[in-house]
>>> print(open('work_4.txt').read())   # compact mmCIF, C-alpha atoms and all ligand atoms
# COMPACT_ATOMS: atom_id res chain seq x y z
CA MET A 230 23.24 77.01 -28.91
CA SER A 231 20.36 78.45 -26.93
CA ARG A 232 16.78 78.32 -28.16
CA ASN A 233 13.50 79.82 -27.03
CA VAL A 234 11.06 76.91 -26.84
CA LEU A 235 7.32 77.00 -26.22
CA VAL A 236 5.93 73.79 -24.70
CA THR A 237 2.15 73.71 -24.39
CA GLY A 238 0.42 71.35 -21.96
CA GLY A 239 3.58 71.15 -19.85
CA ALA A 240 1.76 70.76 -16.54
CA GLY A 241 0.27 67.45 -17.65
CA PHE A 242 1.77 63.99 -17.58
CA ILE A 243 4.02 63.86 -20.64
CA GLY A 244 4.62 67.61 -20.77
CA SER A 245 6.02 67.78 -17.23
CA ASN A 246 8.34 64.82 -17.85
CA PHE A 247 9.41 66.30 -21.18
CA LEU A 248 10.18 69.70 -19.65
CA GLU A 249 12.32 68.12 -16.95
CA TYR A 250 14.12 66.07 -19.60
CA MET A 251 14.76 69.17 -21.73
CA ILE A 252 15.98 71.35 -18.87
CA ASN A 253 18.55 68.73 -17.95
CA LYS A 254 19.56 68.00 -21.54
CA HIS A 255 19.60 71.58 -22.88
CA PRO A 256 20.37 73.85 -19.92
CA ASN A 257 20.86 76.89 -22.18
CA ASP A 258 17.39 76.78 -23.71
CA LEU A 259 14.63 79.05 -22.42
CA LEU A 260 11.56 76.87 -21.89
CA VAL A 261 8.17 78.58 -21.71
CA CYS A 262 5.25 76.40 -20.66
CA LEU A 263 1.72 77.47 -21.60
CA ASP A 264 -0.90 75.38 -19.81
CA ASP A 265 -4.47 76.15 -18.82
CA LEU A 266 -4.30 73.89 -15.74
CA THR A 267 -7.44 71.97 -16.61
CA TYR A 268 -8.45 69.08 -14.32
CA ALA A 269 -5.55 67.17 -15.93
CA GLY A 270 -2.85 69.76 -15.32
CA ASN A 271 -1.09 70.08 -11.99
CA LEU A 272 1.53 72.67 -11.11
CA ASN A 273 3.01 70.21 -8.62
CA ASN A 274 4.14 68.18 -11.62
CA LEU A 275 6.55 71.03 -12.33
CA ASP A 276 8.05 71.15 -8.82
CA PRO A 277 11.48 69.91 -9.96
CA ILE A 278 11.92 72.76 -12.45
CA ILE A 279 9.61 75.59 -11.42
CA ASN A 280 12.42 77.67 -9.89
CA ASN A 281 14.87 77.16 -12.73
CA SER A 282 15.92 80.54 -14.17
CA ASN A 283 15.47 79.19 -17.72
CA PHE A 284 11.88 78.17 -17.12
CA VAL A 285 8.73 80.29 -17.35
CA PHE A 286 5.21 79.08 -16.56
CA VAL A 287 2.22 80.85 -18.08
CA LYS A 288 -1.31 79.83 -17.20
CA GLY A 289 -3.54 80.14 -20.24
CA ASN A 290 -5.45 78.47 -23.02
CA ILE A 291 -3.92 77.67 -26.41
CA CYS A 292 -7.23 78.76 -27.99
CA ASN A 293 -6.63 82.31 -26.71
CA LYS A 294 -5.17 84.04 -29.79
CA GLU A 295 -4.27 87.28 -28.02
CA LEU A 296 -2.38 85.48 -25.29
CA VAL A 297 -0.61 83.16 -27.72
CA ASN A 298 0.40 86.04 -30.00
CA SER A 299 1.63 88.10 -27.04
CA LEU A 300 3.84 85.20 -25.95
CA PHE A 301 5.25 84.80 -29.46
CA ASN A 302 5.87 88.54 -29.55
CA LYS A 303 7.62 88.54 -26.20
CA TYR A 304 9.75 85.42 -26.52
CA ARG A 305 10.31 85.11 -30.31
CA PHE A 306 10.18 81.32 -30.13
CA ASP A 307 12.48 79.16 -32.23
CA ILE A 308 10.39 76.03 -31.68
CA VAL A 309 6.85 75.23 -30.54
CA ILE A 310 5.94 71.79 -29.20
CA ASN A 311 2.23 71.24 -28.79
CA LEU A 312 1.27 68.77 -26.08
CA ALA A 313 -1.78 70.65 -24.79
CA ALA A 314 -4.88 68.57 -25.37
CA GLU A 315 -7.88 66.94 -23.83
CA THR A 316 -6.66 63.36 -23.63
CA HIS A 317 -9.09 60.96 -21.99
CA VAL A 318 -11.08 58.82 -24.44
CA ASP A 319 -13.95 58.17 -21.99
CA ARG A 320 -14.41 61.89 -21.41
CA SER A 321 -14.40 62.49 -25.18
CA ILE A 322 -17.33 60.09 -25.54
CA ASN A 323 -19.39 61.97 -22.95
CA ASN A 324 -18.36 65.50 -23.92
CA PRO A 325 -16.67 65.73 -27.32
CA ASP A 326 -16.94 69.49 -27.86
CA ILE A 327 -14.07 70.50 -25.60
CA PHE A 328 -11.87 67.97 -27.44
CA TYR A 329 -12.56 69.67 -30.77
CA GLU A 330 -11.96 73.07 -29.25
CA SER A 331 -8.66 72.41 -27.49
CA ASN A 332 -7.25 69.76 -29.80
CA ILE A 333 -8.24 71.23 -33.17
CA ILE A 334 -8.90 74.95 -32.73
CA GLY A 335 -6.06 75.25 -30.21
CA THR A 336 -3.64 73.67 -32.68
CA THR A 337 -4.68 76.08 -35.44
CA VAL A 338 -4.14 79.06 -33.14
CA LEU A 339 -0.58 77.87 -32.54
CA LEU A 340 0.02 77.14 -36.23
CA ASN A 341 -1.20 80.60 -37.21
CA ALA A 342 1.10 82.20 -34.65
CA CYS A 343 4.02 80.15 -36.00
CA LEU A 344 3.25 81.47 -39.49
CA LYS A 345 2.82 85.04 -38.34
CA PHE A 346 6.08 85.17 -36.42
CA GLY A 347 8.40 84.06 -39.22
CA LYS A 348 7.66 80.40 -39.90
CA VAL A 349 8.54 79.08 -36.47
CA LYS A 350 9.27 75.34 -36.29
CA PHE A 351 6.19 73.50 -35.01
CA HIS A 352 5.96 70.00 -33.60
CA GLN A 353 2.58 68.34 -33.04
CA VAL A 354 2.51 65.58 -30.43
CA SER A 355 0.01 63.06 -31.71
CA THR A 356 -1.02 59.52 -30.95
CA ASP A 357 -1.14 56.02 -32.42
CA GLU A 358 -4.90 56.18 -31.88
CA VAL A 359 -5.30 58.18 -35.12
CA TYR A 360 -4.73 54.92 -37.05
CA GLY A 361 -7.65 53.17 -35.36
CA ASP A 362 -7.17 49.61 -34.21
CA LEU A 363 -6.07 46.16 -35.39
CA PRO A 364 -7.59 42.73 -34.81
CA LEU A 365 -6.21 41.13 -31.63
CA ASP A 366 -4.47 38.38 -33.59
CA SER A 367 -3.02 40.67 -36.27
CA LYS A 368 0.74 40.75 -36.81
CA TYR A 369 0.51 44.07 -38.64
CA ARG A 370 2.03 47.30 -37.30
CA PHE A 371 0.91 50.74 -38.39
CA THR A 372 3.45 52.74 -40.38
CA GLU A 373 3.36 56.46 -41.02
CA GLU A 374 1.70 55.65 -44.37
CA SER A 375 -1.21 53.78 -42.79
CA ILE A 376 -4.71 55.12 -43.35
CA LEU A 377 -6.22 57.26 -40.57
CA ARG A 378 -9.27 55.55 -39.07
CA PRO A 379 -9.80 57.16 -35.66
CA SER A 380 -12.49 55.52 -33.53
CA SER A 381 -13.28 58.05 -30.79
CA PRO A 382 -13.93 61.78 -30.59
CA TYR A 383 -10.50 62.02 -28.91
CA SER A 384 -8.61 60.25 -31.68
CA SER A 385 -10.59 61.98 -34.43
CA SER A 386 -9.73 65.36 -32.91
CA LYS A 387 -6.04 64.39 -32.89
CA ALA A 388 -6.22 63.11 -36.48
CA SER A 389 -7.88 66.37 -37.55
CA ALA A 390 -5.10 68.39 -35.93
CA ASP A 391 -2.50 66.21 -37.71
CA LEU A 392 -4.08 66.88 -41.10
CA ILE A 393 -4.29 70.62 -40.47
CA THR A 394 -0.66 70.63 -39.35
CA LEU A 395 0.44 68.86 -42.56
CA SER A 396 -1.59 71.29 -44.67
CA TYR A 397 0.39 74.20 -43.17
CA PHE A 398 3.55 72.55 -44.47
CA ARG A 399 2.16 71.97 -47.96
CA THR A 400 0.36 75.29 -48.35
CA TYR A 401 2.54 77.73 -46.44
CA GLY A 402 5.86 75.93 -46.15
CA LEU A 403 5.66 76.02 -42.35
CA PRO A 404 8.36 73.66 -40.97
CA VAL A 405 6.17 71.17 -39.12
CA THR A 406 6.75 67.67 -37.81
CA ILE A 407 4.37 65.21 -36.18
CA SER A 408 5.04 62.33 -33.79
CA ARG A 409 2.54 59.55 -33.16
CA CYS A 410 3.36 57.77 -29.95
CA SER A 411 1.93 54.71 -28.26
CA ASN A 412 0.59 54.53 -24.65
CA ASN A 413 2.90 56.21 -22.14
CA PHE A 414 3.43 55.27 -18.51
CA GLY A 415 5.49 56.91 -15.77
CA PRO A 416 5.41 59.56 -13.05
CA ASN A 417 2.71 62.27 -12.96
CA GLN A 418 0.12 60.36 -14.95
CA HIS A 419 -3.45 61.28 -14.06
CA LEU A 420 -5.33 58.82 -11.89
CA GLU A 421 -8.00 58.30 -14.54
CA LYS A 422 -5.55 56.45 -16.84
CA LEU A 423 -5.21 52.66 -16.69
CA ILE A 424 -2.03 52.07 -14.68
CA PRO A 425 -2.53 54.81 -12.01
CA LEU A 426 -6.22 53.86 -11.79
CA VAL A 427 -5.45 50.20 -11.13
CA ILE A 428 -2.77 51.04 -8.58
CA SER A 429 -4.88 53.54 -6.66
CA LYS A 430 -7.98 51.36 -6.62
CA ALA A 431 -6.01 48.31 -5.56
CA LEU A 432 -4.16 50.16 -2.80
CA ASN A 433 -7.55 51.22 -1.41
CA ASP A 434 -8.99 47.70 -1.81
CA GLU A 435 -11.58 49.06 -4.22
CA LYS A 436 -13.01 47.22 -7.22
CA ILE A 437 -11.06 47.82 -10.43
CA PRO A 438 -13.36 48.42 -13.42
CA VAL A 439 -12.11 46.57 -16.51
CA TYR A 440 -13.76 47.09 -19.90
CA GLY A 441 -15.13 43.98 -21.62
CA LYS A 442 -12.89 41.02 -20.94
CA GLY A 443 -9.72 43.07 -20.57
CA LEU A 444 -8.31 41.58 -23.76
CA ASN A 445 -7.46 44.87 -25.46
CA ILE A 446 -3.79 45.29 -26.29
CA ARG A 447 -1.82 48.50 -25.86
CA ASP A 448 1.77 49.22 -26.79
CA TRP A 449 3.44 50.75 -23.70
CA ILE A 450 6.35 53.17 -23.69
CA TYR A 451 8.15 54.71 -20.73
CA VAL A 452 7.58 58.48 -20.82
CA ASP A 453 11.31 59.33 -20.92
CA ASP A 454 11.65 57.36 -24.15
CA HIS A 455 8.90 59.53 -25.62
CA SER A 456 10.79 62.63 -24.44
CA SER A 457 14.01 61.51 -26.12
CA ALA A 458 12.07 60.86 -29.33
CA LEU A 459 10.56 64.36 -29.25
CA ASP A 460 13.97 65.89 -28.56
CA LEU A 461 15.45 64.09 -31.57
CA ILE A 462 12.58 64.94 -33.92
CA ILE A 463 12.65 68.67 -33.15
CA ASP A 464 16.39 68.62 -33.78
CA LYS A 465 16.75 66.25 -36.75
CA GLY A 466 13.24 65.55 -38.03
CA GLN A 467 12.51 66.54 -41.59
CA ALA A 468 9.87 69.22 -42.16
CA GLY A 469 6.54 67.81 -43.31
CA GLN A 470 7.30 64.35 -41.90
CA ILE A 471 5.49 62.10 -39.43
CA TYR A 472 7.36 59.80 -37.02
CA ASN A 473 5.84 56.87 -35.15
CA VAL A 474 7.20 56.34 -31.62
CA SER A 475 7.10 52.86 -30.07
CA THR A 476 9.27 50.60 -27.95
CA HIS A 477 7.33 47.54 -29.14
CA ASN A 478 6.01 46.60 -25.77
CA GLU A 479 2.53 45.23 -26.36
CA LYS A 480 0.54 44.06 -23.35
CA MET A 481 -3.00 42.93 -22.84
CA ASN A 482 -4.82 45.16 -20.31
CA LEU A 483 -5.73 42.19 -18.13
CA GLU A 484 -2.09 41.07 -18.04
CA ILE A 485 -0.99 44.50 -16.77
CA ILE A 486 -3.72 44.61 -14.15
CA LYS A 487 -2.85 41.14 -12.84
CA GLN A 488 0.83 42.05 -12.75
CA ILE A 489 0.18 45.20 -10.71
CA LEU A 490 -2.04 43.26 -8.28
CA LYS A 491 0.72 40.72 -7.83
CA MET A 492 3.30 43.43 -7.24
CA ILE A 493 1.31 45.01 -4.44
CA ASP A 494 0.03 41.74 -3.09
CA LYS A 495 -3.65 42.30 -3.77
CA PRO A 496 -6.21 39.66 -4.85
CA GLU A 497 -7.44 39.27 -8.42
CA SER A 498 -10.96 39.28 -6.99
CA LEU A 499 -10.72 43.09 -7.07
CA ILE A 500 -11.09 42.91 -10.85
CA ASN A 501 -14.61 43.93 -11.91
CA PHE A 502 -15.46 43.40 -15.58
CA VAL A 503 -17.82 46.13 -16.83
CA SER A 504 -19.62 46.76 -20.16
CA ASP A 505 -17.17 47.54 -22.91
CA ARG A 506 -16.42 51.14 -23.94
CA PRO A 507 -18.33 52.06 -27.14
CA GLY A 508 -15.99 51.78 -30.12
CA HIS A 509 -13.25 50.35 -27.91
CA ASP A 510 -10.05 49.87 -29.94
CA ARG A 511 -8.77 46.30 -29.81
CA ARG A 512 -5.09 46.47 -30.51
CA TYR A 513 -2.53 49.16 -31.28
CA ALA A 514 0.88 48.39 -32.73
CA LEU A 515 3.33 50.76 -34.33
CA ASP A 516 6.32 50.43 -36.61
CA SER A 517 8.90 53.04 -35.59
CA THR A 518 11.62 52.09 -38.08
CA LYS A 519 11.55 55.58 -39.60
CA LEU A 520 12.41 57.20 -36.25
CA GLU A 521 15.09 54.60 -35.52
CA LYS A 522 16.66 55.40 -38.90
CA LEU A 523 16.74 59.04 -37.80
CA GLY A 524 18.93 57.91 -34.89
CA TRP A 525 16.48 57.20 -32.07
CA THR A 526 17.43 54.46 -29.65
CA TYR A 527 15.84 53.40 -26.40
CA ASN A 528 16.91 51.35 -23.45
CA LYS A 529 16.33 47.67 -24.19
CA GLU A 530 17.78 46.35 -20.95
CA PRO A 531 16.09 43.37 -19.27
CA LEU A 532 13.34 44.08 -16.79
CA CYS A 533 13.62 43.93 -13.02
CA GLN A 534 10.45 42.02 -12.31
CA ASN A 535 11.73 40.24 -9.22
CA THR A 536 12.64 43.37 -7.29
CA LEU A 537 9.43 45.12 -8.14
CA SER A 538 7.48 44.79 -4.94
CA LEU A 539 10.49 45.75 -2.83
CA ASP A 540 11.44 48.85 -4.74
CA THR A 541 8.24 50.35 -5.96
CA PHE A 542 6.19 52.84 -4.04
CA PHE A 543 3.28 55.03 -4.91
CA GLU A 544 2.25 58.39 -3.67
CA VAL A 545 -1.35 58.92 -4.64
CA GLY A 546 -2.42 61.13 -1.78
CA ARG A 547 -1.77 64.44 -3.53
CA GLY A 548 -4.71 64.32 -5.91
CA HIS A 549 -3.20 62.71 -8.93
CA ARG A 550 0.41 61.86 -8.66
CA LEU A 551 2.07 58.54 -9.09
CA LEU A 552 5.75 58.17 -8.39
CA LEU A 553 7.99 55.23 -8.98
CA SER A 554 10.96 54.96 -6.70
CA PRO A 555 14.13 56.21 -8.41
CA SER A 556 15.91 53.11 -7.16
CA CYS A 557 13.60 50.97 -9.21
CA THR A 558 14.53 50.14 -12.75
CA ARG A 559 12.61 52.53 -14.91
CA ARG A 560 10.76 49.82 -16.78
CA ALA A 561 9.88 48.14 -13.52
CA LEU A 562 6.25 47.71 -14.37
CA PHE A 563 7.05 45.61 -17.37
P1 LIG B 601 -2.58 65.14 -19.89
O1 LIG B 601 -4.06 65.07 -19.97
O2 LIG B 601 -1.89 64.52 -18.74
O3 LIG B 601 -2.11 66.67 -19.96
C1 LIG B 601 -2.67 67.59 -20.85
C2 LIG B 601 -2.23 68.98 -20.41
O4 LIG B 601 -2.74 69.94 -21.35
C3 LIG B 601 -2.77 69.38 -19.04
O5 LIG B 601 -1.74 69.96 -18.27
C4 LIG B 601 -3.85 70.41 -19.36
O6 LIG B 601 -4.00 71.38 -18.35
C5 LIG B 601 -3.34 71.01 -20.64
N1 LIG B 601 -4.40 71.55 -21.51
C6 LIG B 601 -5.52 70.91 -21.95
N2 LIG B 601 -6.22 71.71 -22.75
C7 LIG B 601 -5.54 72.89 -22.82
C8 LIG B 601 -5.76 74.09 -23.50
N3 LIG B 601 -6.83 74.29 -24.29
N4 LIG B 601 -4.85 75.09 -23.37
C9 LIG B 601 -3.76 74.92 -22.59
N5 LIG B 601 -3.51 73.80 -21.91
C10 LIG B 601 -4.39 72.79 -22.03
O7 LIG B 601 -2.07 64.56 -21.27
P2 LIG B 601 -0.77 63.69 -21.61
O8 LIG B 601 -1.07 62.26 -21.40
O9 LIG B 601 0.40 64.31 -20.95
O10 LIG B 601 -0.70 63.93 -23.19
C11 LIG B 601 0.03 65.04 -23.72
C12 LIG B 601 -0.05 65.00 -25.25
O11 LIG B 601 0.48 63.76 -25.72
C13 LIG B 601 -1.48 65.07 -25.78
O12 LIG B 601 -1.48 65.86 -26.95
C14 LIG B 601 -1.83 63.64 -26.13
O13 LIG B 601 -2.75 63.56 -27.19
C15 LIG B 601 -0.46 63.11 -26.56
N6 LIG B 601 -0.27 61.67 -26.37
C16 LIG B 601 -0.47 61.08 -25.14
C17 LIG B 601 -0.22 59.72 -24.98
C18 LIG B 601 -0.37 59.04 -23.63
O14 LIG B 601 -0.22 57.82 -23.54
N7 LIG B 601 -0.65 59.76 -22.57
C19 LIG B 601 0.20 58.95 -26.07
C20 LIG B 601 0.39 59.58 -27.31
C21 LIG B 601 0.16 60.94 -27.44
>>> encode(input="work_4.txt", output="C-alpha cells", more="lines below")
Ligand code: NAD
Amino acid sequence: MSRNVLVTGGAGFIGSNFLEYMINKHPNDLLVCLDDLTYAGNLNNLDPIINNSNFVFVKGNICNKELVNSLFNKYRFDIVINLAAETHVDRSINNPDIFYESNIIGTTVLLNACLKFGKVKFHQVSTDEVYGDLPLDSKYRFTEESILRPSSPYSSSKASADLITLSYFRTYGLPVTISRCSNNFGPNQHLEKLIPLVISKALNDEKIPVYGKGLNIRDWIYVDDHSSALDLIIDKGQAGQIYNVSTHNEKMNLEIIKQILKMIDKPESLINFVSDRPGHDRRYALDSTKLEKLGWTYNKEPLCQNTLSLDTFFEVGRGHRLLLSPSCTRRALF
C-alpha cells in the first residue's frame, strides 16, 4: 500500500527522526515535509533522506492557508501528522504570542484543510506537559483521562490544539488521533534543550545553568520509540482517541547532568544553580497502557552504561546537531 503523507515540522528534532524512520519502514509512501525552518528547524537534519525520490521538502508556514490548501490539492494526502510547533518552554514565557499562532492557529489551518479535502486522517503530536505536573514524591501517572492543567504558555497552547482537534472529531467526524509523549532525547535535538545544552556547555568547559535545585523529574524516551508509537497510532489508532507515549524512564534533571559530566570526564563544579523557571513543572509521569494494548512495544534491553565514554561522541560544531555514535547502544545515556 502506498500513501501520501504530510509531515509538518519535519526539519526539527522529532520530525527529522520520524521521517527517516518512515522512509525506511514504508518505502512506498510519498512523504511531504512542510516546515518553515524557524530557528529550531535545520535542513541538515534531513540529509539522510533529502535525495530520496519519495520525499519532498516544502519550506512554509502551517498558518499559511493558501500554501496548505495548495499542497492538499496537489498531493491529495491520505494522512497528516502535525509536529510543527514552537516547543521551548522558556521561549514561551518570554514571547507567548508565536506559540499561540503556530501551535493553535496552525493546527486549525491543517484541520480545516483535512475537512475540506475529504476528511483526511489527522494526527496531532502533543505532549505530557498538557497534564501539568505531579508532586515529586507522587506515585501517580497521568492517564488519557487525566484533567488538563497546563502550566506554561507552551503547554497551554498544546492543550488548546488538542481540544480543538478533538472537537473536529465530535462535530465534523474528522478522523483524528492525538499522542501525548514524554521528553524525547536523541540525534538532531536543538542545543537549547537539556541534554544537548549540558553536553555542549560541558565540552566547552562552560557553566551549566540548572533551574532551582535540579530536582525536577522528567520521563525520558528515545526518539525512535516515539516514532514507532506514531507509526502505530496512524495505522491502528482509533479515531477520536488519545494515546499517551512513555517508556517509563523517569530521571531527576540533576542525575542526568551528573551522569553526562561523568561520561565526558568533566567536573561537577561546572553545575551552576540558577533561579527557578516561573511555574516550573516538578514531575511528569505517564501511563501508556492504552498504547501498549494497541500493540506498541519498545526495546527494554539493559543499558550500556560502562561503554558510554568509549563509544559516545558529539558533533556540536554545525550549529545545533548532536549525534550519538551508531556503535553505541541507543539508550546509552540512560
Ligand atoms: P523542534 O522545535 O525541534 O522542531 C519544530 C519544527 O517545527 C522546526 O523544524 C520548526 O522549523 C517547525 N515549525 C515551527 N513552527 C512552524 C510553523 N508555524 N510552520 C511550519 N513549521 C514550523 O520540536 P520537536 O522537539 O521536534 O517537537 C516536535 C513536536 O513534538 C512538537 O509539536 C512538540 O510539541 C511535540 N513534542 C515534543 C517533545 C520533546 O521532548 N521534544 C515531547 C512531546 C511532544
>>> closest_atom_pairs(input="work_4.txt", of="chain A", to="ligand LIG 601 (chain B)", cutoff="8 Å", atoms="all atoms listed in the file", output="Markdown table")
| residue | atom | partner | partner_atom | distance |
| --- | --- | --- | --- | --- |
| A:Thr237 | CA | B:LIG601 | N5 | 6.2 |
| A:Gly238 | CA | B:LIG601 | O4 | 3.5 |
| A:Gly239 | CA | B:LIG601 | O5 | 5.7 |
| A:Ala240 | CA | B:LIG601 | O5 | 4.0 |
| A:Gly241 | CA | B:LIG601 | O5 | 3.3 |
| A:Phe242 | CA | B:LIG601 | O9 | 3.7 |
| A:Ile243 | CA | B:LIG601 | O9 | 3.7 |
| A:Gly244 | CA | B:LIG601 | O9 | 5.4 |
| A:Ser245 | CA | B:LIG601 | O9 | 7.6 |
| A:Leu263 | CA | B:LIG601 | C9 | 6.1 |
| A:Asp264 | CA | B:LIG601 | N5 | 3.7 |
| A:Asp265 | CA | B:LIG601 | N5 | 4.0 |
| A:Leu266 | CA | B:LIG601 | O6 | 3.6 |
| A:Thr267 | CA | B:LIG601 | O6 | 3.9 |
| A:Tyr268 | CA | B:LIG601 | O6 | 6.4 |
| A:Ala269 | CA | B:LIG601 | C3 | 4.7 |
| A:Gly270 | CA | B:LIG601 | O5 | 3.2 |
| A:Asn271 | CA | B:LIG601 | O5 | 6.3 |
| A:Lys288 | CA | B:LIG601 | C9 | 7.7 |
| A:Gly289 | CA | B:LIG601 | C9 | 5.7 |
| A:Asn290 | CA | B:LIG601 | N4 | 3.5 |
| A:Ile291 | CA | B:LIG601 | N4 | 4.1 |
| A:Cys292 | CA | B:LIG601 | N3 | 5.8 |
| A:Asn311 | CA | B:LIG601 | O12 | 6.8 |
| A:Leu312 | CA | B:LIG601 | C12 | 4.1 |
| A:Ala313 | CA | B:LIG601 | O4 | 3.6 |
| A:Ala314 | CA | B:LIG601 | C6 | 4.2 |
| A:Glu315 | CA | B:LIG601 | C6 | 5.0 |
| A:Thr316 | CA | B:LIG601 | O1 | 4.8 |
| A:His317 | CA | B:LIG601 | O1 | 6.8 |
| A:Glu330 | CA | B:LIG601 | N3 | 7.2 |
| A:Ser331 | CA | B:LIG601 | N3 | 4.1 |
| A:Asn332 | CA | B:LIG601 | N3 | 7.1 |
| A:Gly335 | CA | B:LIG601 | N3 | 6.0 |
| A:Gln353 | CA | B:LIG601 | O12 | 7.7 |
| A:Val354 | CA | B:LIG601 | O12 | 5.3 |
| A:Ser355 | CA | B:LIG601 | C21 | 4.8 |
| A:Thr356 | CA | B:LIG601 | C20 | 3.9 |
| A:Asp357 | CA | B:LIG601 | C20 | 6.4 |
| A:Glu358 | CA | B:LIG601 | C20 | 7.8 |
| A:Lys387 | CA | B:LIG601 | O13 | 6.6 |
| A:Arg409 | CA | B:LIG601 | C20 | 6.2 |
| A:Cys410 | CA | B:LIG601 | C20 | 4.4 |
| A:Ser411 | CA | B:LIG601 | C19 | 5.1 |
| A:Asn412 | CA | B:LIG601 | O14 | 3.6 |
| A:Asn413 | CA | B:LIG601 | O14 | 3.8 |
| A:Phe414 | CA | B:LIG601 | O14 | 6.7 |
| A:Asn417 | CA | B:LIG601 | O2 | 7.7 |
| A:Gln418 | CA | B:LIG601 | O2 | 6.0 |
| A:His419 | CA | B:LIG601 | O2 | 5.9 |
| A:Trp449 | CA | B:LIG601 | O14 | 8.0 |
>>> atom_distance(input="work_4.txt", atom1="CA of Leu363 (chain A)", atom2="CA of Val474 (chain A)")
17.1 Å
>>> atom_distance(input="work_4.txt", atom1="CA of Lys519 (chain A)", atom2="CA of Ile310 (chain A)")
20.1 Å
>>> closest_atom_pairs(input="work_4.txt", of="region 406-436 of chain A", to="region 390-402 of chain A", cutoff="12 Å", atoms="only C-alpha atoms", output="JSON lines")
{"residue": "A:Thr406", "atom": "CA", "partner": "A:Leu395", "partner_atom": "CA", "distance": 8.0}
{"residue": "A:Ile407", "atom": "CA", "partner": "A:Asp391", "partner_atom": "CA", "distance": 7.1}
{"residue": "A:Ser408", "atom": "CA", "partner": "A:Asp391", "partner_atom": "CA", "distance": 9.3}
{"residue": "A:Arg409", "atom": "CA", "partner": "A:Asp391", "partner_atom": "CA", "distance": 9.5}
>>> residues_around(input="work_4.txt", residues="Lys495 (chain A)", least_positions_apart="3", cutoff="9 Å", atoms="all atoms listed in the file", output="ChimeraX atom specification")
/A:431-432,434,489-492,498-499
>>> write_last_selection(input="work_4.txt", atoms="C-alpha atoms", output="compact mmCIF listing (two decimals), in the coordinates of the input")
# COMPACT_ATOMS: atom_id res chain seq x y z
CA ALA A 431 -6.01 48.31 -5.56
CA LEU A 432 -4.16 50.16 -2.80
CA ASP A 434 -8.99 47.70 -1.81
CA ILE A 489 0.18 45.20 -10.71
CA LEU A 490 -2.04 43.26 -8.28
CA LYS A 491 0.72 40.72 -7.83
CA MET A 492 3.30 43.43 -7.24
CA SER A 498 -10.96 39.28 -6.99
CA LEU A 499 -10.72 43.09 -7.07
>>> closest_residue(input="work_4.txt", among="A:Phe328, A:Tyr383, A:Tyr513, A:Tyr440", to="Arg370 (chain A)", atoms="all atoms listed in the file")
A:Tyr513
